[in-house]
file final38.tsv (TSV, C-alpha atoms and all ligand atoms)
chain	number	residue	atom	x	y	z
X	144	MET	CA	-110.78	-66.05	-86.38
X	145	TRP	CA	-107.57	-66.44	-84.40
X	146	GLN	CA	-105.34	-69.38	-84.89
X	147	ILE	CA	-105.35	-70.84	-81.42
X	148	GLN	CA	-102.53	-73.30	-81.28
X	149	ASN	CA	-103.47	-75.28	-78.26
X	150	ARG	CA	-102.34	-78.82	-78.72
X	151	GLU	CA	-104.09	-80.13	-75.62
X	152	ARG	CA	-103.53	-83.83	-75.04
X	153	GLU	CA	-105.94	-86.30	-73.54
X	154	GLU	CA	-103.13	-87.93	-71.65
X	155	GLU	CA	-99.61	-86.62	-71.28
X	156	PRO	CA	-96.86	-89.04	-72.24
X	157	PRO	CA	-94.51	-89.49	-69.26
X	158	HIS	CA	-91.52	-87.81	-70.94
X	159	PHE	CA	-93.53	-84.58	-71.28
X	160	ARG	CA	-94.10	-84.34	-67.56
X	161	ILE	CA	-92.30	-81.53	-65.88
X	162	SER	CA	-90.51	-82.32	-62.63
X	163	ALA	CA	-91.86	-80.93	-59.35
X	164	SER	CA	-88.92	-78.55	-58.88
X	165	LEU	CA	-89.34	-77.25	-62.40
X	166	SER	CA	-93.05	-76.75	-62.04
X	167	SER	CA	-92.41	-74.38	-59.12
X	168	MET	CA	-90.64	-72.10	-61.63
X	169	LEU	CA	-93.58	-72.07	-64.01
X	170	ARG	CA	-95.31	-68.77	-64.42
X	171	LYS	CA	-98.11	-67.46	-66.60
X	172	ILE	CA	-96.37	-65.23	-69.12
X	173	ILE	CA	-97.96	-63.45	-72.08
X	174	HIS	CA	-95.85	-61.87	-74.81
X	175	LEU	CA	-97.74	-59.25	-76.79
X	176	ASP	CA	-96.59	-57.73	-80.05
X	177	MET	CA	-98.64	-55.19	-82.03
X	178	ASP	CA	-99.07	-56.00	-85.72
X	179	ALA	CA	-97.29	-53.75	-88.28
X	180	PHE	CA	-97.52	-51.13	-85.55
X	181	TYR	CA	-96.76	-47.78	-87.27
X	182	ALA	CA	-98.48	-48.81	-90.51
X	183	SER	CA	-101.60	-50.13	-88.73
X	184	ILE	CA	-101.99	-46.83	-86.86
X	185	GLU	CA	-101.78	-44.92	-90.16
X	186	GLN	CA	-104.35	-47.25	-91.75
X	187	ARG	CA	-106.65	-46.91	-88.75
X	188	ASP	CA	-106.54	-43.11	-88.84
X	189	ASN	CA	-107.09	-42.91	-92.59
X	190	PRO	CA	-109.55	-45.60	-93.72
X	191	SER	CA	-108.68	-45.01	-97.40
X	192	LEU	CA	-105.33	-46.68	-96.59
X	193	LYS	CA	-107.02	-49.94	-95.44
X	194	GLY	CA	-105.88	-52.85	-97.60
X	195	GLN	CA	-103.20	-50.67	-99.24
X	196	PRO	CA	-99.43	-51.21	-99.28
X	197	VAL	CA	-98.48	-48.59	-96.67
X	198	ILE	CA	-94.76	-48.02	-96.09
X	199	VAL	CA	-93.75	-45.84	-93.11
X	200	VAL	CA	-90.35	-44.30	-93.66
X	201	MET	CA	-87.78	-42.79	-91.32
X	202	GLY	CA	-86.24	-39.78	-93.07
X	203	LEU	CA	-88.76	-39.67	-95.91
X	204	ASP	CA	-87.68	-36.14	-96.77
X	205	ALA	CA	-83.96	-36.85	-96.51
X	206	PRO	CA	-82.00	-35.76	-99.58
X	207	HIS	CA	-81.21	-38.39	-102.25
X	208	ARG	CA	-83.97	-40.68	-100.93
X	209	HIS	CA	-81.69	-41.79	-98.09
X	210	GLY	CA	-84.58	-42.77	-95.82
X	211	ALA	CA	-85.13	-46.27	-94.42
X	212	VAL	CA	-88.32	-48.27	-94.02
X	213	ALA	CA	-89.52	-48.25	-90.38
X	214	THR	CA	-92.26	-50.73	-91.16
X	215	ALA	CA	-94.55	-51.87	-93.96
X	216	SER	CA	-98.19	-52.96	-93.85
X	217	TYR	CA	-98.75	-56.67	-94.50
X	218	GLU	CA	-100.02	-55.71	-98.00
X	219	ALA	CA	-96.64	-54.06	-98.74
X	220	ARG	CA	-94.70	-57.00	-97.29
X	221	LYS	CA	-96.03	-59.16	-100.13
X	222	PHE	CA	-93.76	-57.13	-102.42
X	223	GLY	CA	-90.74	-57.99	-100.26
X	224	VAL	CA	-90.64	-54.65	-98.43
X	225	HIS	CA	-89.51	-54.90	-94.79
X	226	SER	CA	-88.19	-52.84	-91.86
X	227	ALA	CA	-84.70	-51.32	-92.25
X	228	MET	CA	-84.79	-51.56	-96.05
X	229	PRO	CA	-83.43	-48.47	-97.88
X	230	LEU	CA	-86.22	-46.30	-99.21
X	231	ALA	CA	-84.86	-46.48	-102.79
X	232	GLN	CA	-85.07	-50.29	-102.76
X	233	ALA	CA	-88.60	-50.25	-101.29
X	234	THR	CA	-89.70	-47.86	-104.06
X	235	ARG	CA	-88.29	-50.21	-106.71
X	236	LEU	CA	-90.00	-53.27	-105.19
X	237	CYS	CA	-93.33	-51.55	-104.57
X	238	PRO	CA	-93.74	-48.48	-106.79
X	239	GLN	CA	-97.47	-48.33	-106.00
X	240	GLY	CA	-96.69	-48.12	-102.26
X	241	ILE	CA	-98.06	-45.29	-100.14
X	242	PHE	CA	-95.03	-43.79	-98.43
X	243	LEU	CA	-95.64	-41.93	-95.17
X	244	PRO	CA	-93.31	-40.23	-92.66
X	245	VAL	CA	-92.80	-41.60	-89.14
X	246	ARG	CA	-94.89	-39.80	-86.45
X	247	LEU	CA	-93.01	-41.13	-83.47
X	248	GLU	CA	-94.54	-38.99	-80.71
X	249	TYR	CA	-98.03	-40.03	-81.79
X	250	TYR	CA	-97.09	-43.74	-81.94
X	251	ARG	CA	-95.69	-43.38	-78.40
X	252	GLN	CA	-99.06	-42.07	-77.23
X	253	VAL	CA	-100.78	-45.11	-78.74
X	254	SER	CA	-98.17	-47.31	-77.08
X	255	ARG	CA	-99.10	-45.80	-73.70
X	256	GLN	CA	-102.78	-46.54	-74.39
X	257	VAL	CA	-101.86	-50.18	-75.05
X	258	MET	CA	-99.94	-50.27	-71.75
X	259	GLU	CA	-102.98	-48.91	-69.93
X	260	ILE	CA	-104.98	-51.87	-71.17
X	261	PHE	CA	-102.27	-54.28	-69.94
X	262	SER	CA	-102.20	-52.63	-66.52
X	263	GLN	CA	-105.77	-53.75	-65.80
X	264	TYR	CA	-104.53	-57.34	-65.73
X	265	THR	CA	-101.16	-57.14	-63.96
X	266	SER	CA	-98.60	-54.71	-62.61
X	267	LEU	CA	-95.74	-56.84	-63.92
X	268	ILE	CA	-95.38	-55.38	-67.41
X	269	GLU	CA	-91.99	-55.30	-69.11
X	270	PRO	CA	-92.00	-53.21	-72.28
X	271	VAL	CA	-89.33	-54.50	-74.66
X	272	SER	CA	-89.92	-51.92	-77.37
X	273	ILE	CA	-92.59	-49.41	-78.40
X	274	ASP	CA	-94.99	-52.23	-79.37
X	275	GLU	CA	-93.81	-55.35	-77.57
X	276	SER	CA	-94.19	-56.34	-73.92
X	277	TYR	CA	-94.03	-59.25	-71.55
X	278	LEU	CA	-96.77	-59.60	-68.94
X	279	ASP	CA	-96.45	-61.82	-65.90
X	280	VAL	CA	-100.04	-62.71	-64.96
X	281	THR	CA	-99.17	-65.50	-62.50
X	282	GLU	CA	-100.89	-63.71	-59.63
X	283	ASN	CA	-104.04	-62.96	-61.60
X	284	PRO	CA	-106.55	-65.69	-60.73
X	285	ARG	CA	-107.90	-65.78	-64.30
X	286	ASP	CA	-106.59	-68.26	-66.84
X	287	ALA	CA	-103.71	-66.78	-68.86
X	288	VAL	CA	-105.41	-67.65	-72.16
X	289	ASP	CA	-108.61	-65.83	-71.10
X	290	ILE	CA	-106.50	-62.82	-70.20
X	291	ALA	CA	-104.68	-62.88	-73.56
X	292	ILE	CA	-108.03	-63.09	-75.39
X	293	ALA	CA	-109.50	-60.27	-73.30
X	294	ILE	CA	-106.46	-58.04	-73.96
X	295	LYS	CA	-106.60	-58.70	-77.70
X	296	GLN	CA	-110.32	-57.91	-77.75
X	297	GLU	CA	-109.84	-54.72	-75.79
X	298	ILE	CA	-107.01	-53.54	-78.06
X	299	LYS	CA	-109.36	-54.14	-80.99
X	300	SER	CA	-112.46	-52.50	-79.50
X	301	ARG	CA	-110.81	-49.55	-77.78
X	302	LEU	CA	-107.90	-48.79	-80.11
X	303	ASN	CA	-109.04	-50.42	-83.36
X	304	LEU	CA	-105.67	-52.18	-83.71
X	305	THR	CA	-104.59	-55.81	-83.62
X	306	ALA	CA	-101.98	-57.54	-81.48
X	307	THR	CA	-100.44	-60.99	-81.59
X	308	ALA	CA	-100.05	-62.88	-78.32
X	309	GLY	CA	-98.04	-65.85	-77.10
X	310	VAL	CA	-98.83	-67.57	-73.81
X	311	GLY	CA	-96.27	-69.77	-72.08
X	312	PRO	CA	-94.73	-70.76	-68.74
X	313	ASN	CA	-91.79	-68.36	-69.19
X	314	LYS	CA	-90.55	-65.45	-71.35
X	315	PHE	CA	-88.62	-67.57	-73.83
X	316	ILE	CA	-91.60	-69.79	-74.65
X	317	ALA	CA	-94.13	-66.92	-74.69
X	318	LYS	CA	-91.98	-64.93	-77.15
X	319	LEU	CA	-91.44	-67.92	-79.45
X	320	ALA	CA	-95.18	-68.65	-79.28
X	321	SER	CA	-96.18	-65.12	-80.29
X	322	GLY	CA	-93.91	-65.37	-83.33
X	323	MET	CA	-95.79	-68.41	-84.61
X	324	HIS	CA	-98.93	-66.81	-86.01
X	325	LYS	CA	-98.91	-63.21	-87.14
X	326	PRO	CA	-100.90	-61.01	-87.52
X	327	ASP	CA	-103.74	-61.16	-84.98
X	328	GLY	CA	-102.55	-64.53	-83.67
X	329	LEU	CA	-102.76	-66.28	-80.34
X	330	THR	CA	-100.53	-69.25	-79.64
X	331	VAL	CA	-100.71	-71.08	-76.35
X	332	VAL	CA	-98.03	-73.46	-75.10
X	333	ARG	CA	-99.05	-75.26	-71.92
X	334	PRO	CA	-96.25	-76.52	-69.66
X	335	HIS	CA	-96.67	-80.13	-70.77
X	336	GLN	CA	-96.49	-79.05	-74.43
X	337	VAL	CA	-93.16	-77.24	-74.10
X	338	GLN	CA	-90.94	-80.12	-75.24
X	339	GLU	CA	-93.09	-80.95	-78.22
X	340	PHE	CA	-93.38	-77.27	-79.14
X	341	LEU	CA	-89.60	-76.78	-79.11
X	342	ARG	CA	-88.48	-80.11	-80.55
X	343	ASP	CA	-88.49	-79.37	-84.29
X	344	LEU	CA	-87.77	-75.64	-84.22
X	345	PRO	CA	-84.40	-74.65	-85.73
X	346	VAL	CA	-81.67	-73.81	-83.17
X	347	GLU	CA	-81.46	-70.28	-84.54
X	348	SER	CA	-84.88	-69.56	-83.02
X	349	ILE	CA	-83.11	-69.46	-79.66
X	350	LEU	CA	-82.41	-65.99	-78.34
X	351	GLY	CA	-78.69	-65.29	-78.77
X	352	VAL	CA	-77.99	-67.92	-81.42
X	353	GLY	CA	-76.71	-65.76	-84.28
X	354	PRO	CA	-75.24	-66.97	-87.60
X	355	VAL	CA	-71.81	-67.79	-86.10
X	356	THR	CA	-73.19	-69.85	-83.20
X	357	GLN	CA	-75.65	-71.49	-85.57
X	358	ARG	CA	-72.80	-72.63	-87.84
X	359	LYS	CA	-70.87	-74.00	-84.85
X	360	LEU	CA	-73.96	-75.86	-83.57
X	361	ASN	CA	-74.70	-77.20	-87.06
X	362	SER	CA	-71.12	-78.52	-87.28
X	363	LEU	CA	-71.91	-80.57	-84.13
X	364	LYS	CA	-74.95	-81.95	-85.99
X	365	ILE	CA	-77.28	-79.82	-83.91
X	366	PHE	CA	-79.94	-78.37	-86.18
X	367	THR	CA	-83.09	-78.45	-84.05
X	368	ILE	CA	-83.84	-77.37	-80.50
X	369	GLY	CA	-84.69	-80.99	-79.71
X	370	GLN	CA	-81.16	-82.06	-80.74
X	371	LEU	CA	-79.67	-79.26	-78.63
X	372	ALA	CA	-81.75	-80.31	-75.59
X	373	ALA	CA	-80.41	-83.85	-75.89
X	374	PHE	CA	-76.76	-82.74	-76.29
X	375	ASP	CA	-74.21	-83.14	-73.53
X	376	ARG	CA	-74.45	-80.13	-71.19
X	377	THR	CA	-70.79	-80.20	-70.13
X	378	GLN	CA	-69.63	-80.19	-73.75
X	379	LEU	CA	-71.85	-77.21	-74.48
X	380	LYS	CA	-70.26	-75.38	-71.56
X	381	GLU	CA	-66.76	-76.24	-72.80
X	382	ARG	CA	-67.49	-75.02	-76.32
X	383	PHE	CA	-69.69	-71.99	-75.67
X	384	GLY	CA	-68.99	-71.05	-72.03
X	385	LYS	CA	-71.81	-69.69	-69.91
X	386	LEU	CA	-73.83	-68.98	-73.03
X	387	GLY	CA	-73.78	-72.71	-73.80
X	388	LEU	CA	-75.54	-73.40	-70.48
X	389	GLN	CA	-78.09	-70.72	-71.29
X	390	PHE	CA	-78.76	-72.34	-74.69
X	391	TYR	CA	-79.10	-75.71	-73.00
X	392	ASP	CA	-81.64	-74.35	-70.51
X	393	PHE	CA	-83.65	-72.62	-73.22
X	394	ALA	CA	-83.60	-75.78	-75.35
X	395	ASN	CA	-85.04	-77.64	-72.36
X	396	GLY	CA	-87.75	-75.01	-71.94
X	397	ILE	CA	-86.17	-73.43	-68.86
X	398	ASP	CA	-85.98	-69.65	-68.59
X	399	LEU	CA	-85.70	-68.07	-65.15
X	400	ARG	CA	-85.56	-64.46	-66.34
X	401	PRO	CA	-88.17	-62.50	-64.41
X	402	VAL	CA	-90.51	-60.00	-66.03
X	403	VAL	CA	-88.94	-56.72	-64.97
X	404	PRO	CA	-91.48	-53.89	-64.83
X	405	ALA	CA	-90.73	-50.49	-66.31
X	406	ARG	CA	-90.58	-48.87	-62.91
X	407	SER	CA	-87.54	-50.95	-62.09
X	408	HIS	CA	-85.34	-47.87	-62.54
X	409	MET	CA	-86.78	-46.58	-59.26
X	410	GLN	CA	-84.83	-47.62	-56.26
X	411	ILE	CA	-84.72	-47.12	-52.53
X	412	SER	CA	-81.30	-47.08	-50.93
X	413	ARG	CA	-79.62	-46.57	-47.61
X	414	GLU	CA	-75.89	-46.40	-46.91
X	415	THR	CA	-73.47	-45.59	-44.16
X	416	THR	CA	-69.76	-45.05	-43.52
X	417	LEU	CA	-67.97	-47.57	-41.32
X	418	GLY	CA	-65.37	-46.98	-38.61
X	419	ASN	CA	-61.83	-48.27	-38.86
X	420	ARG	CA	-62.32	-51.28	-36.65
X	421	THR	CA	-65.82	-52.42	-37.64
X	422	SER	CA	-66.04	-56.21	-37.32
X	423	MET	CA	-67.91	-58.49	-39.71
X	424	ASP	CA	-70.55	-59.08	-36.99
X	425	SER	CA	-71.24	-55.41	-36.66
X	426	ILE	CA	-71.33	-55.04	-40.45
X	427	GLN	CA	-74.17	-57.55	-40.44
X	428	GLN	CA	-75.95	-55.53	-37.78
X	429	ILE	CA	-75.47	-52.36	-39.80
X	430	LEU	CA	-76.90	-54.09	-42.84
X	431	ALA	CA	-79.90	-55.10	-40.71
X	432	SER	CA	-80.53	-51.50	-39.71
X	433	LEU	CA	-80.25	-50.39	-43.37
X	434	ALA	CA	-82.77	-53.10	-44.24
X	435	GLU	CA	-85.08	-51.79	-41.54
X	436	GLY	CA	-84.97	-48.29	-43.06
X	437	ILE	CA	-85.78	-49.73	-46.47
X	438	GLU	CA	-88.66	-51.78	-45.07
X	439	ASP	CA	-90.17	-48.62	-43.54
X	440	HIS	CA	-89.84	-46.76	-46.81
X	441	LEU	CA	-91.37	-49.62	-48.83
X	442	LYS	CA	-94.31	-49.87	-46.43
X	443	LYS	CA	-94.91	-46.12	-46.50
X	444	GLU	CA	-94.98	-46.09	-50.32
X	445	GLY	CA	-96.99	-49.31	-50.55
X	446	HIS	CA	-94.27	-51.03	-52.56
X	447	CYS	CA	-92.53	-54.38	-52.69
X	448	ALA	CA	-89.20	-55.03	-54.37
X	449	ARG	CA	-87.80	-57.87	-56.44
X	450	THR	CA	-84.15	-56.86	-56.64
X	451	VAL	CA	-81.72	-56.43	-53.74
X	452	THR	CA	-78.30	-54.84	-54.24
X	453	VAL	CA	-75.42	-54.69	-51.78
X	454	LYS	CA	-72.74	-52.08	-52.45
X	455	VAL	CA	-69.41	-51.72	-50.66
X	456	ARG	CA	-66.70	-49.11	-51.03
X	457	LEU	CA	-63.28	-50.34	-49.97
X	458	ASP	CA	-60.41	-48.46	-48.38
X	459	ASN	CA	-58.71	-48.29	-51.81
X	460	GLN	CA	-61.85	-46.44	-53.05
X	461	ARG	CA	-62.89	-49.39	-55.21
X	462	GLN	CA	-66.62	-49.95	-55.27
X	463	MET	CA	-68.23	-53.35	-55.69
X	464	THR	CA	-71.88	-54.31	-56.02
X	465	ARG	CA	-73.74	-57.59	-56.02
X	466	SER	CA	-77.44	-57.95	-56.93
X	467	ARG	CA	-80.08	-60.60	-56.95
X	468	THR	CA	-83.57	-60.58	-58.44
X	469	VAL	CA	-86.22	-62.96	-57.17
X	470	PHE	CA	-89.63	-64.02	-58.44
X	471	GLY	CA	-91.33	-63.21	-55.15
X	472	LYS	CA	-92.00	-59.85	-53.57
X	473	LEU	CA	-89.82	-58.52	-50.80
X	474	GLN	CA	-90.71	-55.99	-48.17
X	475	HIS	CA	-89.75	-57.20	-44.68
X	476	LYS	CA	-86.32	-56.63	-43.21
X	477	GLU	CA	-85.77	-60.38	-42.72
X	478	GLU	CA	-86.57	-61.10	-46.36
X	479	LEU	CA	-84.16	-58.41	-47.52
X	480	LEU	CA	-81.40	-59.67	-45.23
X	481	LYS	CA	-81.85	-63.25	-46.35
X	482	ILE	CA	-80.75	-62.09	-49.77
X	483	ALA	CA	-78.33	-59.33	-48.78
X	484	LEU	CA	-76.11	-61.38	-46.45
X	485	PRO	CA	-75.17	-64.06	-49.00
X	486	LEU	CA	-74.55	-61.25	-51.51
X	487	LEU	CA	-72.11	-59.65	-49.09
X	488	GLU	CA	-70.35	-63.00	-48.66
X	489	LYS	CA	-69.85	-63.16	-52.42
X	490	ILE	CA	-67.67	-60.07	-52.32
X	491	ASP	CA	-64.02	-60.93	-51.92
X	492	LEU	CA	-62.91	-58.89	-48.91
X	493	LYS	CA	-59.64	-60.66	-48.16
X	494	GLY	CA	-57.11	-58.20	-46.87
X	495	LYS	CA	-59.42	-55.25	-47.55
X	496	LYS	CA	-61.41	-52.93	-45.34
X	497	ILE	CA	-64.95	-51.76	-46.04
X	498	ARG	CA	-65.22	-47.97	-45.83
X	499	ARG	CA	-68.85	-47.58	-46.78
X	500	ILE	CA	-71.71	-50.03	-47.15
X	501	GLY	CA	-75.02	-49.60	-48.93
X	502	LEU	CA	-78.17	-51.59	-49.41
X	503	SER	CA	-80.75	-50.85	-52.07
X	504	VAL	CA	-83.86	-52.38	-53.55
X	505	SER	CA	-85.25	-51.87	-57.02
X	506	ASN	CA	-87.64	-53.48	-59.47
X	507	LEU	CA	-90.46	-52.09	-57.37
X	508	ILE	CA	-94.04	-53.30	-57.53
X	509	SER	CA	-96.94	-51.25	-56.25
X	510	LEU	CA	-99.26	-53.00	-53.80
X	511	LYS	CA	-101.98	-50.60	-54.85
X	512	ASP	CA	-102.32	-52.31	-58.24
X	513	PRO	CA	-105.54	-54.27	-58.73
X	514	TYR	CA	-104.00	-57.71	-58.51
X	515	GLN	CA	-101.47	-57.12	-55.74
X	516	PRO	CA	-103.34	-56.41	-52.46
X	517	GLN	CA	-104.98	-59.80	-52.15
X	518	LEU	CA	-101.55	-61.42	-52.15
X	519	PHE	CA	-100.73	-59.82	-48.87
X	520	ASP	CA	-104.06	-60.34	-47.16
B	601	LIG	P1	-91.79	-54.66	-85.11
B	601	LIG	O1	-92.63	-55.21	-84.02
B	601	LIG	O2	-90.49	-55.31	-85.42
B	601	LIG	O3	-92.60	-54.64	-86.48
B	601	LIG	P2	-94.11	-54.31	-86.77
B	601	LIG	O4	-94.91	-54.08	-85.55
B	601	LIG	O5	-94.16	-53.18	-87.74
B	601	LIG	O6	-94.60	-55.61	-87.54
B	601	LIG	P3	-94.93	-57.06	-86.96
B	601	LIG	O7	-96.38	-57.27	-87.27
B	601	LIG	O8	-94.05	-57.98	-87.75
B	601	LIG	O9	-94.64	-57.06	-85.50
B	601	LIG	O10	-91.49	-53.14	-84.80
B	601	LIG	C1	-92.43	-52.28	-84.18
B	601	LIG	C2	-92.32	-50.90	-84.74
B	601	LIG	O11	-91.00	-50.40	-84.55
B	601	LIG	C3	-92.58	-50.84	-86.24
B	601	LIG	O12	-93.94	-50.68	-86.55
B	601	LIG	C4	-91.72	-49.70	-86.69
B	601	LIG	C5	-90.58	-49.63	-85.68
B	601	LIG	N1	-89.34	-50.18	-86.26
B	601	LIG	C6	-88.43	-49.28	-86.85
B	601	LIG	O13	-88.64	-48.07	-86.83
B	601	LIG	N2	-87.29	-49.78	-87.41
B	601	LIG	C7	-87.02	-51.13	-87.47
B	601	LIG	O14	-85.96	-51.54	-88.02
B	601	LIG	C8	-87.96	-52.04	-86.85
B	601	LIG	C9	-87.67	-53.52	-86.87
B	601	LIG	C10	-89.09	-51.51	-86.28
B	602	CA	CA	-94.85	-55.55	-83.83
call {"tool": "encode", "arguments": {"input": "final38.tsv", "output": "structure tokens"}}
result
Amino acid sequence: MWQIQNREREEEPPHFRISASLSSMLRKIIHLDMDAFYASIEQRDNPSLKGQPVIVVMGLDAPHRHGAVATASYEARKFGVHSAMPLAQATRLCPQGIFLPVRLEYYRQVSRQVMEIFSQYTSLIEPVSIDESYLDVTENPRDAVDIAIAIKQEIKSRLNLTATAGVGPNKFIAKLASGMHKPDGLTVVRPHQVQEFLRDLPVESILGVGPVTQRKLNSLKIFTIGQLAAFDRTQLKERFGKLGLQFYDFANGIDLRPVVPARSHMQISRETTLGNRTSMDSIQQILASLAEGIEDHLKKEGHCARTVTVKVRLDNQRQMTRSRTVFGKLQHKEELLKIALPLLEKIDLKGKKIRRIGLSVSNLISLKDPYQPQLFD
């Protein structure tokens, strides 16, 4: 039985309501994390290891027992064994442990099988590690919780493994949610539950709040995320810089980071060299023709992009780039230019000449994926 943490309310109190502008940023994000990944695979493949304290070790055969624990089954964790622990210490804590070597290439194969399951539900999959991914299922007409349940079931029936899922309106919330109930958990945080969900969590649960920042926040009498959310934003900026604003947004349940699919390393680019007397007007026209070339290429490949990058090389050979990633999907020249032109304006060109200009798009999404075509009907 999964622990479904779904604190649905009959009636939302007014202070839990999310403003209209904020609700437009809400997405359906699922964070999935496989349980005791390496150890679970070993237990699955060798049923005599089921229920046993399995400890998978990196460098098991290293001289002087210099290996380190990659992961431990939940049975072994009861003895205090955990990832990154020296092998010698793990042996002392759990002498009855079953110590196995890491089989990385095989675990990678299993990881790819897990990804295949995800890809039936969305093309926006961002793998964070070998066993952890974010899925943006906003465009999938099914309810995000149904999708999370279906994925968990499929991982169980097809791969005989378990995963823990968190469902939320953004990456920050989905990740925190998946950490709530492990193993085999499912925690759902609906948009109107965000504030309540975050309120009593310790500030150190926020991504980027390490021990030093935690001490500084504690000295300001900020111990919980609720207290951080209510703190003065300007003061946070003064004390922690840009990071302070990021903490403030997270504490208020706001996270605009898009889910960046693995294929984002692919890019389509066009560039050209400019003449000595090219005016700003003609630079804009050149950018438009580069955008046109990119649009043709995207259409031919059946792709859309989410990131636009403008690159300029100056007469002193210095190169500068400016990028922007959007939630939507870009393909048409006009859409690309709407982003590219303000990016160009951001580059300080005072007293300098542009020698070469380039436009590129990345973070590509295939329109051939099951949930994409209908968007463009
Ligand atoms: P994790 O997801 O951190 O751990 P896990 O899947 O074993 O357990 P949990 O149920 O708590 O999620 O890491 C995934 C895999 O990455 C893990 O099985 C082994 C490997 N790993 C290492 O090799 N070294 C490390 O220090 C960590 C943290 C993980
Ligand atoms: Ca894991």
call {"tool": "residues_around", "arguments": {"input": "final38.tsv", "residues": "segment 180-191 of chain X", "least_positions_apart": "6", "cutoff": "7 Å", "atoms": "only C-alpha atoms", "output": "ChimeraX atom specification"}}
result
/X:197-199,214-216,250,274,303-304
call {"tool": "residues_near_ligand", "arguments": {"input": "final38.tsv", "ligand": "ligand CA 602 (chain B)", "cutoff": "7 Å", "atoms": "only C-alpha atoms and all ligand atoms", "output": "ChimeraX atom specification"}}
result
/X:176-180,274-275
call {"tool": "axis_aligned_box", "arguments": {"input": "final38.tsv", "around": "segment 304-314 of chain X", "padding_each_side": "5 Å", "output": "JSON"}}
result
{"center_x": -98.1, "center_y": -61.5, "center_z": -76.2, "size_x": 25.1, "size_y": 28.6, "size_z": 25.0}
call {"tool": "closest_residue", "arguments": {"input": "final38.tsv", "among": "X:Asp279, X:Asp343, X:Asp327, X:Asp286", "to": "ligand LIG 601 (chain B)", "atoms": "all atoms listed in the file"}}
result
X:Asp327
call {"tool": "residues_around", "arguments": {"input": "final38.tsv", "residues": "Leu386 of chain X", "least_positions_apart": "5", "cutoff": "10 Å", "atoms": "all atoms listed in the file", "output": "ChimeraX atom specification"}}
result
/X:351-352,379-380,391-392
call {"tool": "residues_near_point", "arguments": {"input": "final38.tsv", "point": "(-90.0, -69.9, -77.7)", "cutoff": "10 Å", "atoms": "all atoms listed in the file", "output": "list in words"}}
result
Gly309, Val310, Gly311, Asn313, Lys314, Phe315, Ile316, Ala317, Lys318, Leu319, Ala320, Ser321, Gly322, Met323, Val332, Val337, Phe340, Leu341, Leu344, Ser348, Ile349, Leu350, Phe393, Ala394, Gly396 and Asp398 of chain X
call {"tool": "closest_residue", "arguments": {"input": "final38.tsv", "among": "X:His324, X:Lys299, X:Arg255, X:Lys489", "to": "ligand LIG 601 (chain B)", "atoms": "all atoms listed in the file"}}
result
X:His324
call {"tool": "closest_residue", "arguments": {"input": "final38.tsv", "among": "X:Gln427, X:Ser272, X:Thr330, X:Thr468", "to": "ligand LIG 601 (chain B)", "atoms": "only C-alpha atoms and all ligand atoms"}}
result
X:Ser272
call {"tool": "closest_residue", "arguments": {"input": "final38.tsv", "among": "X:Arg208, X:Arg251, X:Arg220, X:Arg498", "to": "Met463 of chain X", "atoms": "all atoms listed in the file"}}
result
X:Arg498
call {"tool": "residues_around", "arguments": {"input": "final38.tsv", "residues": "Glu297 of chain X", "least_positions_apart": "4", "cutoff": "12 Å", "atoms": "only C-alpha atoms", "output": "PDB file with C-alpha atoms, in the frame of the given file"}}
result
ATOM      1  CA  GLN X 256    -102.780 -46.540 -74.390  1.00  0.00           C
ATOM      2  CA  VAL X 257    -101.860 -50.180 -75.050  1.00  0.00           C
ATOM      3  CA  MET X 258     -99.940 -50.270 -71.750  1.00  0.00           C
ATOM      4  CA  GLU X 259    -102.980 -48.910 -69.930  1.00  0.00           C
ATOM      5  CA  ILE X 260    -104.980 -51.870 -71.170  1.00  0.00           C
ATOM      6  CA  PHE X 261    -102.270 -54.280 -69.940  1.00  0.00           C
ATOM      7  CA  GLN X 263    -105.770 -53.750 -65.800  1.00  0.00           C
ATOM      8  CA  TYR X 264    -104.530 -57.340 -65.730  1.00  0.00           C
ATOM      9  CA  ILE X 290    -106.500 -62.820 -70.200  1.00  0.00           C
ATOM     10  CA  ALA X 291    -104.680 -62.880 -73.560  1.00  0.00           C
ATOM     11  CA  ILE X 292    -108.030 -63.090 -75.390  1.00  0.00           C
ATOM     12  CA  ALA X 293    -109.500 -60.270 -73.300  1.00  0.00           C
ATOM     13  CA  ARG X 301    -110.810 -49.550 -77.780  1.00  0.00           C
ATOM     14  CA  LEU X 302    -107.900 -48.790 -80.110  1.00  0.00           C
ATOM     15  CA  ASN X 303    -109.040 -50.420 -83.360  1.00  0.00           C
ATOM     16  CA  LEU X 304    -105.670 -52.180 -83.710  1.00  0.00           C
ATOM     17  CA  THR X 305    -104.590 -55.810 -83.620  1.00  0.00           C
ATOM     18  CA  ALA X 306    -101.980 -57.540 -81.480  1.00  0.00           C
TER      19      ALA X 306
END
call {"tool": "closest_residue", "arguments": {"input": "final38.tsv", "among": "X:Glu218, X:Asp204, X:Glu269, X:Asp439", "to": "ligand LIG 601 (chain B)", "atoms": "all atoms listed in the file"}}
result
X:Glu218
call {"tool": "closest_residue", "arguments": {"input": "final38.tsv", "among": "X:Arg465, X:Leu236, X:Gly210, X:His174", "to": "Pro196 of chain X", "atoms": "only C-alpha atoms"}}
result
X:Leu236
call {"tool": "atom_distance", "arguments": {"input": "final38.tsv", "atom1": "atom CA of Pro270 of chain X", "atom2": "atom O8 of ligand LIG 601 (chain B)"}}
result
16.3 Å
call {"tool": "atom_distance", "arguments": {"input": "final38.tsv", "atom1": "atom CA of Val455 of chain X", "atom2": "atom CA of Leu473 of chain X"}}
result
21.5 Å
